$ cat start.csv   # CSV, C-alpha atoms
chain,number,residue,atom,x,y,z
A,1,MET,CA,-8.7,10.0,27.2
A,2,SER,CA,-8.9,7.0,24.9
A,3,LYS,CA,-5.9,5.8,23.0
A,4,THR,CA,-7.6,6.8,19.7
A,5,GLU,CA,-8.0,10.5,20.6
A,6,ILE,CA,-5.3,12.7,19.1
A,7,LYS,CA,-4.3,15.2,21.7
A,8,THR,CA,-1.8,17.6,20.1
A,9,THR,CA,-0.4,21.0,20.8
A,10,GLU,CA,1.1,23.5,18.5
A,11,THR,CA,4.5,21.8,19.0
A,12,THR,CA,3.5,18.2,18.7
A,13,THR,CA,5.3,16.7,15.7
A,14,LEU,CA,4.3,13.7,13.6
A,15,GLY,CA,7.2,11.9,15.2
A,16,ASP,CA,6.0,12.8,18.7
A,17,TRP,CA,2.5,11.6,17.9
A,18,LEU,CA,3.7,8.3,16.5
A,19,ALA,CA,6.0,7.6,19.4
A,20,ALA,CA,3.4,8.3,22.0
A,21,ASP,CA,1.6,4.9,21.6
A,22,ASP,CA,1.0,2.0,19.3
A,23,PHE,CA,-0.1,2.9,15.8
A,24,GLY,CA,-1.3,1.1,12.7
A,25,LEU,CA,0.1,1.8,9.2
A,26,THR,CA,-2.3,2.0,6.2
A,27,MET,CA,-1.1,2.6,2.7
A,28,SER,CA,-3.2,3.5,-0.3
A,29,SER,CA,-3.4,2.2,-3.8
A,30,GLY,CA,-1.5,4.2,-6.4
A,31,PHE,CA,-0.4,2.1,-9.4
A,32,PHE,CA,3.4,1.8,-9.0
A,33,GLY,CA,3.3,3.9,-5.9
A,34,PHE,CA,5.0,1.0,-4.0
A,35,PHE,CA,8.4,2.8,-4.6
A,36,ALA,CA,7.2,5.8,-2.7
A,37,HIS,CA,5.5,3.7,0.0
A,38,CYS,CA,8.8,1.8,0.5
A,39,GLY,CA,10.7,5.1,0.9
A,40,MET,CA,8.2,6.4,3.4
A,41,LEU,CA,8.3,3.1,5.4
A,42,ASN,CA,12.1,3.0,5.5
A,43,ALA,CA,12.2,6.6,6.9
A,44,LEU,CA,9.7,5.6,9.6
A,45,LEU,CA,11.7,2.6,10.6
A,46,ASP,CA,15.0,4.4,10.5
A,47,ALA,CA,13.5,6.9,13.0
A,48,GLY,CA,12.6,4.0,15.3
A,49,LEU,CA,8.9,4.1,14.6
A,50,LYS,CA,7.5,0.6,14.0
A,51,PRO,CA,3.8,0.0,13.2
A,52,SER,CA,1.9,-2.6,15.3
A,53,ARG,CA,-0.5,-3.5,12.6
A,54,CYS,CA,-0.7,-3.0,8.8
A,55,SER,CA,-3.4,-2.7,6.1
A,56,GLY,CA,-3.4,-1.5,2.5
A,57,SER,CA,-4.8,-1.7,-1.0
A,58,SER,CA,-2.9,-2.5,-4.3
A,59,ALA,CA,0.5,-0.8,-4.1
A,60,GLY,CA,-0.1,-0.3,-0.4
A,61,ALA,CA,-0.9,-4.0,0.0
A,62,LEU,CA,2.3,-4.9,-1.7
A,63,THR,CA,4.5,-2.7,0.6
A,64,THR,CA,2.7,-3.5,3.9
A,65,GLY,CA,2.4,-7.2,2.9
A,66,LEU,CA,6.1,-7.7,2.3
A,67,TRP,CA,7.1,-5.8,5.5
A,68,ALA,CA,4.5,-7.4,7.7
A,69,ALA,CA,5.6,-10.8,6.5
A,70,GLY,CA,9.1,-10.1,7.8
A,71,VAL,CA,11.0,-8.6,4.7
A,72,PRO,CA,13.3,-6.0,6.1
A,73,ALA,CA,12.6,-2.6,4.6
A,74,PRO,CA,16.1,-2.1,3.1
A,75,GLU,CA,15.9,-5.5,1.5
A,76,MET,CA,12.5,-4.7,0.1
A,77,ARG,CA,13.9,-1.5,-1.4
A,78,ASP,CA,16.8,-3.4,-3.0
A,79,ARG,CA,14.5,-6.0,-4.5
A,80,LEU,CA,12.1,-3.4,-5.9
A,81,PHE,CA,15.0,-1.5,-7.4
A,82,GLU,CA,16.1,-4.7,-9.2
A,83,LEU,CA,12.7,-5.3,-10.8
A,84,THR,CA,12.4,-4.9,-14.6
A,85,ARG,CA,9.3,-5.0,-16.7
A,86,GLN,CA,10.2,-8.4,-18.0
A,87,ASP,CA,10.1,-9.8,-14.5
A,88,PHE,CA,6.3,-9.6,-14.4
A,89,TRP,CA,5.3,-9.1,-18.0
A,90,ASP,CA,3.5,-12.2,-19.3
A,91,PRO,CA,0.8,-11.1,-21.8
A,92,LYS,CA,-2.0,-13.6,-22.6
A,93,PRO,CA,-5.5,-13.0,-24.1
A,94,GLY,CA,-8.1,-12.9,-21.4
A,95,LEU,CA,-9.8,-10.4,-19.0
A,96,GLY,CA,-6.6,-8.4,-18.9
A,97,VAL,CA,-3.3,-7.9,-20.7
A,98,LEU,CA,-1.1,-9.8,-18.3
A,99,ARG,CA,-1.7,-13.3,-16.9
A,100,GLY,CA,-0.1,-12.5,-13.6
A,101,ARG,CA,1.9,-15.7,-13.1
A,102,LYS,CA,5.2,-13.9,-13.3
A,103,PHE,CA,4.1,-11.4,-10.7
A,104,ARG,CA,3.0,-14.2,-8.4
A,105,ALA,CA,6.4,-15.8,-8.8
A,106,VAL,CA,8.2,-12.6,-7.9
A,107,LEU,CA,6.1,-12.3,-4.7
A,108,GLU,CA,6.7,-15.9,-3.7
A,109,SER,CA,10.4,-15.4,-4.2
A,110,MET,CA,10.4,-12.5,-1.8
A,111,LEU,CA,8.0,-13.6,1.0
A,112,PRO,CA,9.4,-15.5,4.0
A,113,VAL,CA,6.0,-16.8,5.1
A,114,ASN,CA,3.2,-18.4,3.1
A,115,LYS,CA,0.1,-17.4,5.0
A,116,ILE,CA,-1.2,-14.0,6.1
A,117,GLU,CA,-1.9,-15.3,9.6
A,118,ASP,CA,1.8,-16.2,10.0
A,119,CYS,CA,3.0,-12.7,9.5
A,120,PRO,CA,5.0,-11.3,12.4
A,121,THR,CA,3.0,-8.1,12.2
A,122,PRO,CA,-0.8,-8.4,11.9
A,123,LEU,CA,-1.9,-7.7,8.4
A,124,ALA,CA,-5.2,-7.0,6.6
A,125,LEU,CA,-5.4,-6.6,2.8
A,126,SER,CA,-8.3,-5.1,0.8
A,127,VAL,CA,-9.4,-6.9,-2.4
A,128,TYR,CA,-12.4,-6.4,-4.7
A,129,ASN,CA,-14.8,-9.3,-5.1
A,130,ALA,CA,-15.7,-9.1,-8.8
A,131,PHE,CA,-18.7,-11.4,-8.4
A,132,ARG,CA,-20.3,-9.6,-5.4
A,133,HIS,CA,-19.0,-6.1,-6.4
A,134,ARG,CA,-17.7,-5.3,-3.0
A,135,THR,CA,-14.5,-4.8,-1.0
A,136,GLU,CA,-13.4,-7.8,1.1
A,137,VAL,CA,-10.6,-7.9,3.7
A,138,LEU,CA,-8.2,-10.9,3.7
A,139,GLU,CA,-6.6,-11.7,7.1
A,140,GLN,CA,-6.0,-15.4,6.5
A,141,GLY,CA,-4.9,-17.6,3.6
A,142,ASN,CA,-2.2,-17.5,1.0
A,143,LEU,CA,-0.3,-14.3,1.3
A,144,ALA,CA,1.2,-14.1,-2.2
A,145,ALA,CA,-2.3,-14.7,-3.7
A,146,ALA,CA,-3.8,-12.0,-1.4
A,147,ILE,CA,-1.1,-9.4,-2.4
A,148,GLN,CA,-1.5,-10.3,-6.1
A,149,ALA,CA,-5.3,-10.0,-5.9
A,150,SER,CA,-5.1,-6.6,-4.2
A,151,CYS,CA,-2.6,-5.4,-7.0
A,152,THR,CA,-4.7,-6.8,-9.9
A,153,VAL,CA,-5.4,-3.6,-11.8
A,154,PRO,CA,-8.4,-4.1,-14.1
A,155,ILE,CA,-7.5,-4.5,-17.8
A,156,MET,CA,-3.8,-4.7,-16.9
A,157,PHE,CA,-4.1,-8.1,-15.1
A,158,HIS,CA,-6.4,-11.2,-15.3
A,159,PRO,CA,-8.5,-11.6,-12.2
A,160,VAL,CA,-7.0,-13.6,-9.4
A,161,TRP,CA,-9.1,-16.6,-8.3
A,162,ILE,CA,-9.2,-17.4,-4.6
A,163,GLU,CA,-11.5,-20.2,-3.4
A,164,ARG,CA,-13.5,-20.0,-6.7
A,165,ARG,CA,-14.0,-16.3,-6.5
A,166,PRO,CA,-12.4,-13.7,-8.9
A,167,TYR,CA,-10.7,-10.8,-7.2
A,168,LEU,CA,-9.4,-7.5,-8.5
A,169,ASP,CA,-7.5,-4.4,-7.2
A,170,GLY,CA,-8.4,-3.5,-3.7
A,171,GLY,CA,-8.3,0.2,-4.6
A,172,ILE,CA,-11.5,-0.1,-6.7
A,173,LEU,CA,-13.7,0.7,-3.8
A,174,ASP,CA,-11.1,1.0,-0.9
A,175,ARG,CA,-8.4,3.2,-2.3
A,176,PRO,CA,-7.1,4.1,1.2
A,177,GLY,CA,-6.9,0.5,2.3
A,178,LEU,CA,-8.5,1.4,5.5
A,179,VAL,CA,-11.3,-1.2,5.6
A,180,GLY,CA,-9.1,-3.7,7.3
A,181,MET,CA,-7.9,-1.3,10.0
A,182,PRO,CA,-10.1,-1.6,13.2
A,183,SER,CA,-12.2,1.5,13.8
A,184,GLY,CA,-11.1,3.7,16.5
A,185,SER,CA,-7.4,2.7,16.3
A,186,ARG,CA,-4.5,5.1,16.0
A,187,VAL,CA,-3.6,5.0,12.3
A,188,LEU,CA,-0.9,6.7,10.1
A,189,TYR,CA,-2.3,6.7,6.6
A,190,HIS,CA,0.1,7.2,3.7
A,191,HIS,CA,-1.9,8.7,0.8
A,192,ILE,CA,-0.6,8.5,-2.7
A,193,LEU,CA,-1.9,11.5,-4.5
A,194,SER,CA,-3.9,10.5,-7.6
A,195,LYS,CA,-2.6,11.7,-10.9
A,196,SER,CA,-5.2,9.9,-13.0
A,197,ALA,CA,-7.0,12.4,-15.3
A,198,TRP,CA,-10.2,10.3,-15.2
A,199,ARG,CA,-10.6,10.7,-11.4
A,200,ARG,CA,-12.7,13.5,-10.1
A,201,LYS,CA,-10.7,16.1,-8.1
A,202,ASN,CA,-13.0,15.8,-5.1
A,203,GLY,CA,-14.2,12.2,-5.6
A,204,ALA,CA,-14.1,9.4,-3.1
A,205,HIS,CA,-10.9,8.1,-4.5
A,206,THR,CA,-8.9,11.3,-4.2
A,207,VAL,CA,-10.1,12.8,-0.9
A,208,ILE,CA,-8.3,11.8,2.2
A,209,PRO,CA,-10.8,10.0,4.6
A,210,GLN,CA,-11.5,11.4,8.0
A,211,ARG,CA,-12.0,9.2,11.1
A,212,PRO,CA,-11.1,9.3,14.8
A,213,GLY,CA,-7.5,8.5,15.5
A,214,LEU,CA,-6.3,8.9,11.9
A,215,GLN,CA,-3.3,11.1,10.9
A,216,ALA,CA,-2.7,11.2,7.1
A,217,LEU,CA,0.5,12.0,5.3
A,218,ALA,CA,0.5,13.0,1.7
A,219,LEU,CA,3.8,13.5,-0.1
A,220,THR,CA,3.6,15.9,-3.0
A,221,ALA,CA,5.4,16.3,-6.3
A,222,LEU,CA,6.6,12.6,-6.5
A,223,PRO,CA,7.4,11.3,-9.9
A,224,LYS,CA,5.1,8.7,-11.4
A,225,SER,CA,6.6,5.3,-12.1
A,226,GLY,CA,5.1,2.6,-14.2
A,227,PRO,CA,5.8,-0.6,-16.2
A,228,PHE,CA,7.5,1.4,-18.9
A,229,LYS,CA,9.2,3.8,-16.4
A,230,MET,CA,10.6,1.5,-13.8
A,231,GLU,CA,13.8,3.6,-13.4
A,232,VAL,CA,11.7,6.5,-12.0
A,233,GLY,CA,11.0,4.3,-9.0
A,234,ARG,CA,14.4,5.1,-7.5
A,235,GLU,CA,13.7,8.8,-7.6
A,236,ALA,CA,10.2,8.3,-6.1
A,237,TYR,CA,11.7,6.3,-3.3
A,238,ALA,CA,14.4,8.9,-2.5
A,239,LEU,CA,12.0,11.8,-2.5
A,240,ALA,CA,9.5,9.9,-0.3
A,241,TYR,CA,12.2,9.0,2.2
A,242,GLU,CA,13.4,12.6,2.4
A,243,LYS,CA,9.9,14.1,2.6
A,244,THR,CA,8.9,11.6,5.4
A,245,GLN,CA,12.0,12.7,7.4
A,246,GLN,CA,10.9,16.3,7.0
A,247,ALA,CA,7.3,15.3,8.0
A,248,LEU,CA,8.3,13.7,11.2
A,249,ALA,CA,9.6,17.0,12.5
A,250,MET,CA,6.5,18.9,11.4
A,251,PRO,CA,3.5,19.7,13.7
A,252,VAL,CA,0.3,17.8,13.2
A,253,ASP,CA,-3.3,18.5,14.1
A,254,GLY,CA,-5.0,15.1,13.5
A,255,THR,CA,-6.0,15.6,9.9
A,256,ALA,CA,-3.7,15.6,6.9
A,257,LEU,CA,-0.1,16.7,6.6
A,258,TYR,CA,1.1,17.6,3.1
A,259,VAL,CA,4.8,17.8,2.5
$ encode --input "start.csv" --output "C-alpha cells"
Amino acid sequence: MSKTEIKTTETTTLGDWLAADDFGLTMSSGFFGFFAHCGMLNALLDAGLKPSRCSGSSAGALTTGLWAAGVPAPEMRDRLFELTRQDFWDPKPGLGVLRGRKFRAVLESMLPVNKIEDCPTPLALSVYNAFRHRTEVLEQGNLAAAIQASCTVPIMFHPVWIERRPYLDGGILDRPGLVGMPSGSRVLYHHILSKSAWRRKNGAHTVIPQRPGLQALALTALPKSGPFKMEVGREAYALAYEKTQQALAMPVDGTALYV
C-alpha cells in the first residue's frame, strides 16, 4: 500500500490517521478565518501531531506561513489576539480601500525568517496573478510579501506587486490552498465553511475537494470575525480548538469530517 492510501477501519480516528505517517497541512481562505485556523493548529500540536509540510490560501496562508516560519502556535495566538483594526487599517485611494503597508509591517514584525525557502517547515502559498488570471504557487522569495499577497482580498486591499507582477488573494481560484501541496501526498485539509451570500451553495469555492490521500476537517457553527469584529476572533479560536480536540477522537473514512 502506498503512503497516500487511507486505510481505515470503523475505529480509526482522525488522530490515529494523522499519527500513522507524515502528513501535510493545508488551510483554506476564509476572510478572518485565521483565528479558527490558529485554534485548530494549536489543538493539533498540543496532541503531538506536527505537519511535515504546509500550504494555504489567504487566511490559511497567514496561519501556515507564520507557523512554518517558526512562530510557535501559542505565540501566534497571543499576537493575533492583540491585533486591532488600527494595526492594519491604512486607507488610500487606489485599487482597494487599504494600502497594505501596515499589514506588511505586522507580518514583518512577527516573522523570524525573511524568505520562504528558509522556513523550518516546507511551505507553499497560493496567490492570484492579476495579469495572467491564474493561481501561482510561491515557494521561494520574500515571505512577508507572499503572505500579504495571498491575503490581498480584492477591493479591500491594493494589489501586492512582486517582481513587477500584481497579485491578489490566493483564494480567488484556489480557495482550499491545495495547489501547492504535492499530488498523492497525505493531507489534512482544514476547510473554513463559506458564509458569503454571493457564493453558490455547491460552487467550486464551497465544496470540499476530493483527491487521494486527503482527509478534510470542517468545523461548523464558528462565529465570523472581521475588521470591525476583531473581538469575535477569540471565540472563534476557542471553539476551533475545542472542536478539533473532539475531531481527533472521531472515526474517519478518508473524505470529510464535520464537527
$ closest_residue --input "start.csv" --among "A:Ser58, A:Ala20, A:Ile116, A:Ala247" --to "Tyr167 of chain A" --atoms "all atoms listed in the file"
A:Ser58
$ atom_distance --input "start.csv" --atom1 "atom CA of Gly180 of chain A" --atom2 "atom CA of Ala124 of chain A"
5.2 Å
$ atom_distance --input "start.csv" --atom1 "atom CA of Ile192 of chain A" --atom2 "atom CA of Asp253 of chain A"
19.7 Å
$ atom_distance --input "start.csv" --atom1 "atom CA of Ser29 of chain A" --atom2 "atom CA of Ser57 of chain A"
5.0 Å
$ residues_around --input "start.csv" --residues "segment 48-54 of chain A" --least-positions-apart "5" --cutoff "7 Å" --atoms "only C-alpha atoms" --output "PyMOL selection string"
chain A and resi 18-19+22-26+64+68+121-124
$ closest_residue --input "start.csv" --among "A:Glu163, A:Asp46, A:Asp16, A:Glu75" --to "Leu111 of chain A" --atoms "only C-alpha atoms"
A:Glu75
$ residues_around --input "start.csv" --residues "Pro112 of chain A" --least-positions-apart "4" --cutoff "8 Å" --atoms "all atoms listed in the file" --output "number ranges by chain"
A: 69-71
$ closest_residue --input "start.csv" --among "A:Phe157, A:Tyr237, A:Trp89, A:Tyr189" --to "Gly56 of chain A" --atoms "only C-alpha atoms"
A:Tyr189
$ closest_residue --input "start.csv" --among "A:Leu239, A:Leu219, A:Leu173, A:Leu45" --to "Ala130 of chain A" --atoms "all atoms listed in the file"
A:Leu173
